[in-house]
Each structure stands twice: as structure tokens, then as C-alpha cells.
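The file run.txt comes next; it holds compact mmCIF, C-alpha atoms and all ligand atoms.
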# COMPACT_ATOMS: atom_id res chain seq x y z
CA MET A 1 -28.84 -2.94 0.52
CA GLY A 2 -31.62 -5.22 -0.78
CA ASP A 3 -31.77 -4.01 -4.38
CA GLN A 4 -28.06 -3.48 -4.82
CA ARG A 5 -26.93 -4.56 -8.29
CA THR A 6 -23.57 -5.92 -9.25
CA VAL A 7 -21.47 -4.33 -11.95
CA LEU A 8 -18.92 -6.67 -13.49
CA LEU A 9 -16.21 -4.15 -14.31
CA GLY A 10 -13.67 -5.20 -16.92
CA VAL A 11 -10.53 -3.08 -16.94
CA THR A 12 -8.31 -3.51 -19.99
CA GLY A 13 -4.79 -2.44 -20.80
CA GLY A 14 -4.85 1.23 -21.69
CA ILE A 15 -3.39 4.26 -19.96
CA ALA A 16 -6.88 5.26 -18.81
CA ALA A 17 -6.94 2.13 -16.59
CA TYR A 18 -5.62 4.41 -13.83
CA LYS A 19 -9.07 6.07 -13.84
CA SER A 20 -10.78 2.78 -12.97
CA ALA A 21 -10.09 3.30 -9.26
CA GLU A 22 -12.18 6.50 -9.34
CA LEU A 23 -14.73 4.71 -11.48
CA VAL A 24 -15.17 2.00 -8.83
CA ARG A 25 -15.86 4.74 -6.28
CA ALA A 26 -18.36 6.47 -8.56
CA LEU A 27 -20.21 3.19 -9.25
CA GLN A 28 -20.37 2.47 -5.52
CA ALA A 29 -21.62 5.98 -4.84
CA ASP A 30 -24.43 5.23 -7.31
CA GLY A 31 -25.43 2.23 -5.18
CA HIS A 32 -23.76 -0.64 -7.01
CA ALA A 33 -21.50 -3.45 -5.89
CA VAL A 34 -18.46 -3.91 -8.12
CA GLN A 35 -16.69 -7.11 -9.11
CA ALA A 36 -13.58 -6.28 -11.11
CA VAL A 37 -11.73 -8.25 -13.76
CA LEU A 38 -8.36 -6.95 -14.91
CA THR A 39 -6.73 -8.19 -18.08
CA LYS A 40 -3.03 -9.04 -17.88
CA ALA A 41 -2.26 -5.83 -19.77
CA ALA A 42 -4.42 -3.81 -17.33
CA THR A 43 -2.29 -5.02 -14.40
CA LYS A 44 0.66 -3.18 -16.00
CA PHE A 45 -1.25 0.09 -15.54
CA ILE A 46 -3.01 -0.40 -12.20
CA THR A 47 -2.53 -2.97 -9.47
CA PRO A 48 -5.20 -5.53 -8.59
CA LEU A 49 -4.51 -4.63 -4.96
CA THR A 50 -5.74 -1.06 -5.48
CA ILE A 51 -8.97 -2.23 -7.11
CA ALA A 52 -9.50 -5.09 -4.61
CA SER A 53 -9.09 -2.67 -1.71
CA LEU A 54 -11.75 -0.40 -3.19
CA THR A 55 -14.26 -3.05 -4.29
CA GLY A 56 -13.79 -5.24 -1.23
CA ASN A 57 -13.75 -8.21 -3.64
CA LYS A 58 -10.94 -10.32 -4.95
CA VAL A 59 -9.95 -9.08 -8.39
CA ILE A 60 -9.92 -11.66 -11.16
CA THR A 61 -6.96 -11.61 -13.49
CA ASP A 62 -6.63 -15.18 -14.71
CA LEU A 63 -9.01 -17.57 -16.46
CA PHE A 64 -7.25 -20.53 -14.89
CA ASP A 65 -7.16 -19.30 -11.31
CA ASP A 66 -9.35 -22.02 -9.77
CA SER A 67 -11.09 -20.00 -7.09
CA SER A 68 -14.27 -18.01 -7.49
CA PRO A 69 -14.16 -14.50 -6.05
CA ASP A 70 -17.11 -15.59 -3.95
CA GLU A 71 -15.50 -17.89 -1.38
CA THR A 72 -18.81 -19.70 -0.77
CA LEU A 73 -18.85 -21.03 -4.32
CA HIS A 74 -15.43 -22.71 -4.43
CA SER A 75 -15.94 -22.93 -8.13
CA ALA A 76 -13.47 -23.94 -10.79
CA ILE A 77 -15.53 -22.19 -13.45
CA ALA A 78 -15.49 -18.71 -12.05
CA HIS A 79 -16.22 -17.02 -15.41
CA ILE A 80 -19.66 -18.66 -15.43
CA ASP A 81 -20.39 -17.83 -11.75
CA VAL A 82 -19.26 -14.29 -12.17
CA ALA A 83 -21.27 -13.83 -15.38
CA GLN A 84 -24.39 -15.27 -13.74
CA ARG A 85 -24.11 -13.05 -10.69
CA ALA A 86 -23.57 -9.77 -12.52
CA ASP A 87 -26.40 -7.47 -13.56
CA VAL A 88 -24.38 -5.47 -16.09
CA LEU A 89 -21.01 -5.89 -17.77
CA LEU A 90 -19.06 -2.64 -18.04
CA VAL A 91 -15.68 -2.49 -19.74
CA ALA A 92 -13.86 0.76 -18.95
CA PRO A 93 -11.46 1.53 -20.39
CA ALA A 94 -12.07 -0.82 -23.33
CA THR A 95 -9.01 -1.29 -25.53
CA ALA A 96 -9.17 -1.66 -29.30
CA ASP A 97 -7.99 -5.21 -28.68
CA MET A 98 -10.90 -6.10 -26.36
CA LEU A 99 -13.46 -4.52 -28.71
CA ALA A 100 -12.08 -6.75 -31.48
CA LYS A 101 -12.24 -9.84 -29.27
CA PHE A 102 -15.83 -9.12 -28.22
CA ALA A 103 -16.86 -8.42 -31.81
CA LEU A 104 -15.39 -11.76 -32.93
CA GLY A 105 -16.61 -13.71 -29.92
CA LEU A 106 -13.10 -14.79 -28.89
CA ALA A 107 -12.72 -16.27 -25.43
CA ASP A 108 -9.02 -16.55 -24.64
CA ASP A 109 -8.93 -14.70 -21.31
CA PHE A 110 -11.26 -14.25 -18.35
CA LEU A 111 -12.98 -11.08 -19.55
CA SER A 112 -13.70 -12.19 -23.10
CA THR A 113 -14.90 -15.59 -21.84
CA ALA A 114 -17.18 -13.98 -19.24
CA HIS A 115 -18.51 -11.70 -22.01
CA LEU A 116 -19.74 -14.73 -23.94
CA ALA A 117 -21.22 -16.31 -20.82
CA PHE A 118 -23.06 -13.12 -19.86
CA ARG A 119 -26.67 -12.46 -20.90
CA GLY A 120 -27.30 -8.97 -19.51
CA PRO A 121 -26.59 -5.48 -20.82
CA LEU A 122 -23.11 -4.59 -22.05
CA VAL A 123 -21.67 -1.09 -21.63
CA LEU A 124 -18.35 -0.26 -23.30
CA ALA A 125 -16.27 2.85 -22.67
CA PRO A 126 -13.46 2.76 -25.25
CA ALA A 127 -10.24 4.73 -24.83
CA MET A 128 -7.34 4.75 -27.22
CA ASN A 129 -5.12 6.79 -29.50
CA THR A 130 -7.07 8.70 -32.19
CA ASN A 131 -5.69 6.66 -35.09
CA MET A 132 -6.64 3.42 -33.35
CA TRP A 133 -10.13 4.83 -32.66
CA GLU A 134 -10.62 5.91 -36.26
CA HIS A 135 -9.18 2.75 -37.82
CA PRO A 136 -11.76 1.00 -40.03
CA ALA A 137 -11.22 -2.24 -38.09
CA THR A 138 -12.20 -0.54 -34.82
CA ARG A 139 -15.17 1.19 -36.52
CA GLU A 140 -16.40 -2.14 -37.90
CA ASN A 141 -15.98 -3.90 -34.55
CA LEU A 142 -17.95 -1.17 -32.81
CA ALA A 143 -20.69 -1.30 -35.45
CA ALA A 144 -21.02 -5.07 -34.92
CA LEU A 145 -21.19 -4.62 -31.14
CA ARG A 146 -23.78 -1.85 -31.46
CA THR A 147 -25.92 -4.04 -33.71
CA ARG A 148 -25.95 -6.60 -30.91
CA GLY A 149 -27.19 -3.97 -28.47
CA ALA A 150 -23.98 -2.92 -26.71
CA ARG A 151 -24.09 0.60 -25.31
CA ILE A 152 -21.04 2.57 -26.27
CA VAL A 153 -20.05 5.51 -24.07
CA GLU A 154 -18.33 7.53 -26.76
CA PRO A 155 -14.83 8.74 -25.95
CA GLY A 156 -14.30 12.46 -25.73
CA VAL A 157 -11.93 14.77 -27.58
CA GLY A 158 -8.91 16.03 -25.68
CA GLU A 159 -5.26 15.60 -24.94
CA LEU A 160 -4.27 11.96 -25.10
CA ALA A 161 -1.52 10.17 -23.22
CA CYS A 162 0.40 9.73 -26.48
CA GLY A 163 0.81 13.52 -26.61
CA THR A 164 -1.67 14.18 -29.43
CA VAL A 165 -5.03 15.93 -29.25
CA GLY A 166 -7.98 14.13 -30.76
CA SER A 167 -10.83 11.73 -30.05
CA GLY A 168 -10.16 8.59 -28.04
CA ARG A 169 -10.03 9.92 -24.50
CA LEU A 170 -12.07 7.91 -21.99
CA ALA A 171 -15.55 9.44 -21.49
CA GLU A 172 -16.24 11.37 -18.29
CA LEU A 173 -16.81 9.00 -15.35
CA ASP A 174 -20.28 10.52 -14.71
CA ASP A 175 -21.32 9.65 -18.26
CA ILE A 176 -20.13 6.07 -17.77
CA VAL A 177 -22.07 5.76 -14.49
CA ASP A 178 -25.17 7.23 -16.21
CA ALA A 179 -24.91 4.66 -19.01
CA VAL A 180 -24.67 1.83 -16.46
CA ARG A 181 -27.70 3.15 -14.57
CA SER A 182 -29.73 3.49 -17.74
CA ALA A 183 -28.72 -0.02 -18.89
CA LEU A 184 -29.83 -1.45 -15.54
CA ASN A 185 -33.08 0.49 -15.42
CA SER A 186 -34.19 -0.61 -18.86
CA GLU A 187 -33.54 -4.31 -18.21
CA GLY A 188 -36.76 -6.26 -18.67
CA ASP A 189 -39.00 -3.19 -18.79
CA LEU A 190 -40.79 -4.57 -21.86
CA ARG A 191 -41.32 -8.04 -20.44
CA ASP A 192 -44.91 -9.22 -21.14
CA GLU A 193 -45.23 -6.63 -23.92
CA CYS A 194 -45.45 -7.22 -27.66
CA VAL A 195 -43.78 -4.67 -29.91
CA LEU A 196 -44.61 -4.49 -33.60
CA VAL A 197 -41.86 -2.76 -35.58
CA THR A 198 -41.76 -1.90 -39.27
CA ALA A 199 -38.39 -1.27 -40.89
CA GLY A 200 -36.68 -0.54 -44.17
CA PRO A 201 -37.97 0.81 -47.47
CA THR A 202 -40.70 -0.60 -49.67
CA ARG A 203 -40.39 -1.33 -53.38
CA GLU A 204 -43.18 -0.38 -55.76
CA ALA A 205 -42.88 -2.34 -58.97
CA LEU A 206 -43.06 -0.76 -62.43
CA ASP A 207 -42.54 -4.06 -64.16
CA PRO A 208 -40.99 -7.40 -63.10
CA VAL A 209 -37.47 -5.87 -62.91
CA ARG A 210 -37.87 -2.17 -62.08
CA TYR A 211 -39.20 -0.46 -59.00
CA ILE A 212 -39.50 2.86 -57.13
CA SER A 213 -37.89 2.85 -53.68
CA ASN A 214 -35.89 5.05 -51.28
CA ARG A 215 -32.59 5.13 -49.40
CA SER A 216 -33.73 3.57 -46.12
CA SER A 217 -31.31 0.88 -44.88
CA GLY A 218 -33.62 -0.46 -42.18
CA ARG A 219 -30.97 0.13 -39.49
CA MET A 220 -33.17 2.30 -37.27
CA GLY A 221 -36.07 -0.17 -37.29
CA PHE A 222 -33.75 -3.13 -36.73
CA ALA A 223 -32.08 -1.30 -33.83
CA LEU A 224 -35.54 -0.73 -32.32
CA ALA A 225 -36.47 -4.39 -32.75
CA ASN A 226 -33.17 -5.47 -31.21
CA GLU A 227 -33.53 -3.13 -28.23
CA ALA A 228 -37.17 -4.10 -27.61
CA ALA A 229 -36.23 -7.80 -27.67
CA ARG A 230 -33.28 -7.15 -25.35
CA ARG A 231 -35.68 -5.49 -22.91
CA GLY A 232 -37.79 -8.61 -22.84
CA ALA A 233 -40.54 -7.90 -25.40
CA ARG A 234 -41.92 -10.30 -27.94
CA VAL A 235 -41.03 -8.52 -31.17
CA ILE A 236 -42.76 -8.81 -34.53
CA LEU A 237 -40.52 -7.19 -37.14
CA VAL A 238 -42.13 -6.40 -40.49
CA ALA A 239 -39.17 -5.75 -42.76
CA GLY A 240 -38.98 -4.28 -46.23
CA PRO A 241 -36.15 -5.41 -48.55
CA VAL A 242 -32.97 -4.83 -46.51
CA THR A 243 -29.71 -6.68 -45.89
CA GLN A 244 -29.78 -6.43 -42.08
CA PRO A 245 -29.48 -9.65 -40.02
CA THR A 246 -32.52 -10.52 -37.91
CA PRO A 247 -31.96 -9.39 -34.31
CA PRO A 248 -31.94 -12.33 -31.85
CA GLY A 249 -35.37 -13.44 -30.72
CA CYS A 250 -37.41 -11.36 -33.21
CA GLU A 251 -40.17 -12.81 -35.37
CA ARG A 252 -39.43 -11.43 -38.83
CA ILE A 253 -41.95 -11.04 -41.63
CA ASP A 254 -40.38 -10.00 -44.94
CA VAL A 255 -42.45 -7.87 -47.29
CA GLU A 256 -41.69 -5.92 -50.43
CA SER A 257 -44.41 -3.38 -51.28
CA ALA A 258 -46.36 -0.88 -49.17
CA ALA A 259 -49.50 -2.95 -49.78
CA GLU A 260 -47.80 -6.09 -48.39
CA MET A 261 -46.48 -4.15 -45.39
CA HIS A 262 -49.96 -2.70 -44.79
CA ARG A 263 -51.48 -6.20 -44.79
CA ALA A 264 -48.82 -7.58 -42.41
CA VAL A 265 -49.22 -4.67 -39.99
CA LEU A 266 -53.01 -4.95 -39.85
CA GLN A 267 -52.74 -8.72 -39.41
CA HIS A 268 -50.46 -8.41 -36.36
CA LEU A 269 -51.46 -5.08 -34.81
CA GLY A 270 -53.98 -6.79 -32.52
CA GLU A 271 -51.17 -8.69 -30.78
CA ALA A 272 -49.09 -5.58 -30.11
CA SER A 273 -49.08 -3.22 -27.14
CA PHE A 274 -46.58 -0.95 -28.93
CA ALA A 275 -46.50 -0.25 -32.67
CA VAL A 276 -43.35 1.45 -33.89
CA MET A 277 -43.62 2.39 -37.55
CA ALA A 278 -40.01 3.07 -38.53
CA ALA A 279 -40.28 1.91 -42.16
CA ALA A 280 -39.83 4.45 -44.94
CA VAL A 281 -42.95 3.43 -46.84
CA ALA A 282 -43.28 4.66 -50.42
CA ASP A 283 -46.06 7.26 -50.63
CA TYR A 284 -46.70 6.59 -54.32
CA ARG A 285 -46.64 3.60 -56.59
CA PRO A 286 -47.11 3.16 -60.33
CA GLU A 287 -50.81 2.94 -61.14
CA GLN A 288 -50.08 0.15 -63.60
CA GLN A 289 -47.63 -2.64 -63.02
CA ALA A 290 -46.55 -4.14 -66.36
CA ALA A 291 -46.70 -7.92 -66.43
CA SER A 292 -43.63 -8.12 -68.72
CA LYS A 293 -40.49 -6.04 -68.80
CA LEU A 294 -41.01 -2.65 -70.47
CA LYS A 295 -38.92 -2.47 -73.63
CA LYS A 296 -36.72 0.49 -74.46
CA ARG A 297 -37.71 0.23 -78.11
CA ASP A 298 -41.31 1.00 -77.13
CA GLY A 299 -40.22 4.50 -76.03
CA LEU A 300 -40.47 6.30 -72.69
CA PRO A 301 -43.20 4.79 -70.55
CA LYS A 302 -45.88 7.20 -69.30
CA LEU A 303 -45.62 6.99 -65.54
CA SER A 304 -48.81 7.59 -63.71
CA LEU A 305 -48.67 7.29 -59.91
CA GLU A 306 -51.25 6.59 -57.24
CA GLU A 307 -51.08 6.76 -53.45
CA THR A 308 -50.11 3.68 -51.47
CA PRO A 309 -52.15 2.69 -48.40
CA ASP A 310 -51.29 4.90 -45.41
CA ILE A 311 -50.02 2.33 -42.90
CA LEU A 312 -49.61 4.79 -40.03
CA GLN A 313 -53.14 6.13 -40.47
CA SER A 314 -54.60 2.60 -40.65
CA ALA A 315 -52.71 1.67 -37.47
CA ALA A 316 -54.05 4.85 -35.80
CA ALA A 317 -57.60 3.89 -36.79
CA HIS A 318 -57.12 0.62 -34.84
CA LYS A 319 -54.95 2.15 -32.13
CA GLY A 320 -56.96 1.06 -29.08
CA GLY A 321 -54.84 1.22 -25.90
CA ARG A 322 -51.54 0.64 -27.66
CA VAL A 323 -48.77 3.20 -28.01
CA LEU A 324 -48.30 4.24 -31.63
CA VAL A 325 -44.94 5.67 -32.68
CA GLY A 326 -44.46 7.25 -36.11
CA PHE A 327 -41.40 8.61 -37.92
CA ALA A 328 -41.09 11.79 -39.91
CA ALA A 329 -38.01 12.14 -42.10
CA GLU A 330 -37.79 15.84 -42.89
CA THR A 331 -35.40 17.98 -44.89
CA ASP A 332 -36.55 21.22 -43.21
CA ASP A 333 -38.64 22.65 -40.37
CA LEU A 334 -38.21 19.52 -38.30
CA GLU A 335 -40.30 20.42 -35.27
CA ALA A 336 -43.23 22.09 -37.07
CA ASN A 337 -43.51 19.36 -39.70
CA GLY A 338 -43.08 16.64 -37.08
CA ARG A 339 -45.82 18.09 -34.83
CA ARG A 340 -48.15 18.47 -37.83
CA LYS A 341 -47.64 14.81 -38.75
CA LEU A 342 -48.06 13.72 -35.10
CA GLN A 343 -51.49 15.37 -35.01
CA SER A 344 -52.69 14.50 -38.49
CA LYS A 345 -51.79 10.83 -38.12
CA GLY A 346 -53.05 10.46 -34.55
CA CYS A 347 -49.85 9.00 -33.08
CA ASP A 348 -48.67 9.12 -29.46
CA LEU A 349 -45.08 9.84 -30.40
CA MET A 350 -43.41 11.19 -33.53
CA VAL A 351 -39.70 10.70 -34.11
CA ALA A 352 -38.73 13.60 -36.36
CA ASN A 353 -35.33 13.18 -37.93
CA PRO A 354 -33.47 15.30 -40.42
CA VAL A 355 -32.46 13.65 -43.68
CA GLY A 356 -30.05 14.81 -46.31
CA GLY A 357 -27.13 15.41 -43.90
CA ALA A 358 -24.54 13.14 -42.32
CA THR A 359 -27.12 11.30 -40.18
CA GLY A 360 -30.41 9.61 -41.04
CA PHE A 361 -30.94 7.34 -44.04
CA ASP A 362 -28.24 4.77 -44.65
CA SER A 363 -26.08 6.17 -41.84
CA GLU A 364 -24.80 4.58 -38.60
CA LEU A 365 -25.99 7.64 -36.68
CA ASN A 366 -29.28 9.41 -36.19
CA GLN A 367 -30.50 12.53 -34.45
CA GLY A 368 -33.72 14.47 -34.21
CA MET A 369 -36.61 15.17 -31.90
CA LEU A 370 -39.04 13.08 -29.93
CA LEU A 371 -42.40 14.86 -30.12
CA ALA A 372 -45.00 13.37 -27.79
CA ALA A 373 -48.77 13.90 -27.94
CA ASP A 374 -48.69 15.12 -24.31
CA GLY A 375 -46.64 18.11 -25.49
CA SER A 376 -43.21 16.93 -24.36
CA THR A 377 -40.29 17.57 -26.73
CA GLN A 378 -36.82 16.01 -26.50
CA ARG A 379 -33.94 16.98 -28.73
CA LEU A 380 -31.54 14.15 -29.50
CA ALA A 381 -27.97 15.01 -30.50
CA PRO A 382 -26.29 12.69 -33.05
CA MET A 383 -25.99 9.22 -31.52
CA SER A 384 -25.88 5.62 -32.64
CA LYS A 385 -29.14 4.14 -33.85
CA ALA A 386 -28.93 1.60 -30.99
CA GLU A 387 -28.82 4.43 -28.43
CA MET A 388 -31.57 6.30 -30.22
CA ALA A 389 -33.69 3.12 -30.16
CA GLY A 390 -33.27 3.06 -26.36
CA ARG A 391 -34.37 6.69 -26.05
CA ILE A 392 -37.41 6.13 -28.27
CA LEU A 393 -38.49 3.07 -26.28
CA ASP A 394 -37.94 4.90 -22.96
CA GLU A 395 -40.30 7.63 -24.17
CA ALA A 396 -42.87 5.15 -25.52
CA ILE A 397 -42.86 3.35 -22.15
CA ARG A 398 -43.34 6.66 -20.34
CA LEU A 399 -46.38 7.40 -22.55
CA ARG A 400 -47.84 3.95 -21.95
CA LYS A 401 -47.57 4.40 -18.18
CA ARG A 402 -49.24 7.78 -18.55
CA MET A 403 -52.07 6.26 -20.62
CA ALA A 404 -52.57 3.51 -18.03
CA ALA A 405 -52.61 5.96 -15.08
C1 LIG A 501 1.96 2.37 -22.69
C2 LIG A 501 0.83 1.71 -23.43
C3 LIG A 501 -0.39 2.33 -23.50
C4 LIG A 501 -1.46 1.74 -24.21
N1 LIG A 501 -2.65 2.39 -24.25
C5 LIG A 501 -3.68 1.84 -24.94
C6 LIG A 501 -4.93 2.49 -24.99
O1 LIG A 501 -5.15 3.56 -24.42
N2 LIG A 501 -5.94 1.90 -25.69
C7 LIG A 501 -5.75 0.72 -26.34
O2 LIG A 501 -6.70 0.26 -26.99
N3 LIG A 501 -4.57 0.06 -26.28
C8 LIG A 501 -3.54 0.59 -25.60
N4 LIG A 501 -2.33 -0.07 -25.53
C9 LIG A 501 -2.19 -1.37 -26.20
C10 LIG A 501 -2.77 -2.51 -25.36
O3 LIG A 501 -2.17 -2.51 -24.07
C11 LIG A 501 -2.57 -3.82 -26.05
O4 LIG A 501 -3.34 -3.84 -27.24
C12 LIG A 501 -2.94 -5.00 -25.18
O5 LIG A 501 -2.76 -6.19 -25.91
C13 LIG A 501 -4.38 -4.91 -24.69
O6 LIG A 501 -4.70 -6.06 -23.96
P1 LIG A 501 -6.15 -6.24 -23.30
O7 LIG A 501 -7.15 -5.84 -24.33
O8 LIG A 501 -6.20 -7.72 -22.97
O9 LIG A 501 -6.18 -5.43 -22.06
C14 LIG A 501 -1.26 0.50 -24.84
C15 LIG A 501 -0.02 -0.13 -24.74
C16 LIG A 501 1.01 0.46 -24.05
C17 LIG A 501 2.32 -0.25 -23.96
Once more with this new file: its structure as C-alpha cells, please.
Ligand SMILES: Cc1cc2nc3c(=O)[nH]c(=O)nc-3n(C[C@H](O)[C@H](O)[C@H](O)COP(=O)(O)O)c2cc1C
Amino acid sequence: MGDQRTVLLGVTGGIAAYKSAELVRALQADGHAVQAVLTKAATKFITPLTIASLTGNKVITDLFDDSSPDETLHSAIAHIDVAQRADVLLVAPATADMLAKFALGLADDFLSTAHLAFRGPLVLAPAMNTNMWEHPATRENLAALRTRGARIVEPGVGELACGTVGSGRLAELDDIVDAVRSALNSEGDLRDECVLVTAGPTREALDPVRYISNRSSGRMGFALANEAARRGARVILVAGPVTQPTPPGCERIDVESAAEMHRAVLQHLGEASFAVMAAAVADYRPEQQAASKLKKRDGLPKLSLEETPDILQSAAAHKGGRVLVGFAAETDDLEANGRRKLQSKGCDLMVANPVGGATGFDSELNQGMLLAADGSTQRLAPMSKAEMAGRILDEAIRLRKRMAA
């Protein structure tokens, strides 16, 4: 098959490793070739012979085995060959141990070394005992991997091999295959595009030390910037005051106030084919900004507010052929309020997300609705902001193709 892609399948040492034989079959049925790597611990749960018989390829188990699985290469550095030849790296099941190694960038076995040598999309399907899954160390490792763009196929809830019932059970094989397909399909689909992303809150100064702001952490915007860059776009990230690290390859412009963000957006909008306005821009600012710190002894200051520049509306006024994506954080009537904002602001896509609950501002997760100007509506169940970023960009790309048609 000419366009057959290769899945580098890492199998690690959990009970669910026995499911990897079925997984190989399912990946093949979806049109992929599979090259498997088993950790030493994985070989205790399933034999390399079983997997080799199914994949038709030699299974790699040892970093220091001096033969490449591809006999034509005769390479002593198989982890580099294998990483270069794969289109996606899938680890299923992924142990708590391997998640920790990936998060830290360790490279003390074949799989973790190939992970560092690999540049393509990473899909992880963790499986473990509930306490291991919920341990703060595992949560932090997953958060770090998500920030770098890894796709996590969340484990399900059910009976576990240890006899307990809880979360940590390997996701359904169909869901893992879907995640691999989606990771492969999105590879490079923003090459030659420039994506302008705004992220974070703004701060509106009262005096040199005090300001009005909001709870935005910038995570959603940074996840969008990261995902757009991973898909090959040039990314200009206009960031309010946040503590997020700059995603690899993004051009970051730091701003503080709505007025500064407005200026930066208008300055760079002309370069962008997509403008994704994920920042939580303050709607109001103090009319007067005191030059020196307001003193308590002078009594309560009279606060008079004025509107800040409407960045989304200004971007819409200069929209041209680009796709404009806005965000609506709503506490109630998500769809109606989101649609109203979509129309009044003149966007192509509105991401309406509920705030005030467990997801949204300052949370690892997000949920909501994608409301497109062509009438399409997608409901998004709670998911990581990295996954949500992928869904938003998929929809923005669909709208751009529609505009170009
Ligand atoms: C019977 C048994 C079952 C295990 N199941 C799991 C599991 O489901 N998930 C997990 O993260 N670790 C599990 N472990 C622990 C891992 O095997 C152990 O952390 C090992 O070092 C993982 O190595 P690897 O990440 O190189 O494959 C299990 C261990 C044993 C002995």
C-alpha cells in the first residue's frame, strides 16, 4: 500500500500488555504497518514471538541489540532508524513508570530513547491501578506530557486486574486506533499557514501596583499555540501575564493590558491566515490610572471604569480571507449566548465554554461547544486543553477549506 504509515508501538509492563496483540490487529485493519518495541517488563506479560508473528517485523526489546529490525539497514543505532521511519509513536499500555520516564526525558531503554529521537505525534494509552493513576506524581507527569502535545487516550473505569474497580483500565482499542488516526491525519495540516493566537488575561492598572484582572491561566491559548506549531504552522503567540512556558517554535509577544494586546494583534493580523482569540481580555479598565500609588489614608478611591478596545471586533473588521475564532466564557445559556456573540462579533467560529465549574479557567480540563458560522454545532465533553486545541483547529481548518471552495 503506497500511503501506508508506520506505527511505532511501545508495549510496557502492565497486565494490559496482553491486549497489545489485538491492538496490533486493529491498527493493521486500519491500514497501518506496526513496528513493536517491548520493554523488558512487557516481555513478562506477552512474548515478543506473539507480537512479531502478528506484525511480521522483528520485535525490539533491547537498546544494545546491534541489529535494526529492517535487515537492509544493518544499523547499530536502531533507535534512531526506528524513530526516523515511524509516523506516530503509540505507547499502549503505558505504565506509570514509562510516563515518568517520558516526562523527565530519560533514555535508559530502547523505548524511552526512541521517544527522545522521535519528532512526530505521540499517543499514550495509560493503564494502571487506580491509586497509581491518581497519584500526584502520575498527574504531574501527564500534565507535562500534555503540555508538550502528547495525546492521552484516557483510561476507562472498570474492574482492574488488581481486583479493585476504578479508573486505570486501558481505553477501548477502537478509541486508541481513532486517536492514532487523528494524530496521523493532523500531521502537517497547518504547514504554510500562520496562526495568530492570543492567550491569558490582561491587567488593567489602577496605579503602579494595583490592577483589575481575571482568573485566566493562559493554558487554553498556549495549548492552541502548541498544537498549531506541532501541525507545522508559524505561530505568533500574543500572551498576557501568565506563567506558562513558551511552546516550542512559537514567536511570543508578551503584553500586559488590553490596549497593548489590541496593538500587538492589529500589528500582526496581516501575517495570519488564522486568528484564534483565546485571551480573556478585560472588558473594562479604570478611566484614570494614578501615576503614584493610591494611599489608604486618602480614603476609598472613586473607581470609574471605561471600556477597553474590543480586540475581537477589531480583528473582525480586518478579517479578510482569514479564519477568525473567538471564545465565549459563559456561566449560563452556553449555546444561545455563544451564538449571539458569534454573530455580533462577526467570527467564523465561537468556542463557548462554561466557567464557574470544575473545567474552564485555571483548570487542566475544558469542555463546551464549537459554534460555527455555517450553522454546525459540536458539543465537547470534558477533555484536556491539548485535545480541545486539536478539535478547535480541526474545525477551523474545515471552515477555511469551505471558505476557499
Ligand atoms: C503483575 C504486575 C502487574 C503490573 N501492572 C502494572 C500496570 O498495569 N500498570 C503499571 O503502570 N505498572 C504495572 N506494574 C509495574 C511495572 O511492571 C513496573 O513499574 C515496571 O518497572 C514497568 O517497566 P516498563 O515501564 O519499562 O515497562 C505491574 C507489575 C506487576 C508485577
Out of A:Lys101, A:Lys341, A:His115, A:Arg231, which residue has the shortest atom-to-atom distance to ligand LIG 501 (chain A) when counting only C-alpha atoms and all ligand atoms?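 Once distances to ligand LIG 501 (chain A) are computed over only C-alpha atoms and all ligand atoms, the minimum belongs to A:Lys101.
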Kindly provide, as an MDAnalysis selection string, all nucleotide and amino acid residues lying within 7 Å of ligand LIG 501 (chain A), counting all atoms listed in the file. chainID A and resid 12:16 39:42 94:98 127:129
For atom CA of Leu196 of chain A and atom CA of Ala381 of chain A, the interatomic separation in Å (one decimal): 25.8 Å
Protein/DNA/RNA residues near (-11.7, -5.7, -10.2), cut 9 Å, all atoms listed in the file, as a ChimeraX atom specification: /A:8-11,20,24,34-38,48-52,54-55,57-61
Excluding Ala103 of chain A and any residue of its chain fewer than 5 positions from it, enumerate the residues within 9 Å of it, using only C-alpha atoms, and give them as a PyMOL selection string. chain A and resi 98+140-145
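For the residues A:Asn131, A:Gln4, A:Gln367, A:Ser376, ranking by smallest atom-to-atom distance to Leu160 of chain A using all atoms listed in the file places A:Asn131 first.
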Near Ile236 of chain A, within 12 Å and counting all atoms listed in the file, which residues show up once chain neighbours fewer than 4 positions away are dropped, as number ranges by chain? A: 193-199, 221-222, 224-226, 228-229, 246-254, 264-265, 267-277
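Atom pair atom CA of Pro354 of chain A / atom CA of Pro126 of chain A: separated by 28.1 Å.
Excluding Glu395 of chain A itself and same-chain residues fewer than 4 positions from it, the residues having an atom within 9 Å of it are Leu349, Leu370, Ala372, Gly390, Arg391, Leu399 and Arg400 of chain A, counting all atoms listed in the file.
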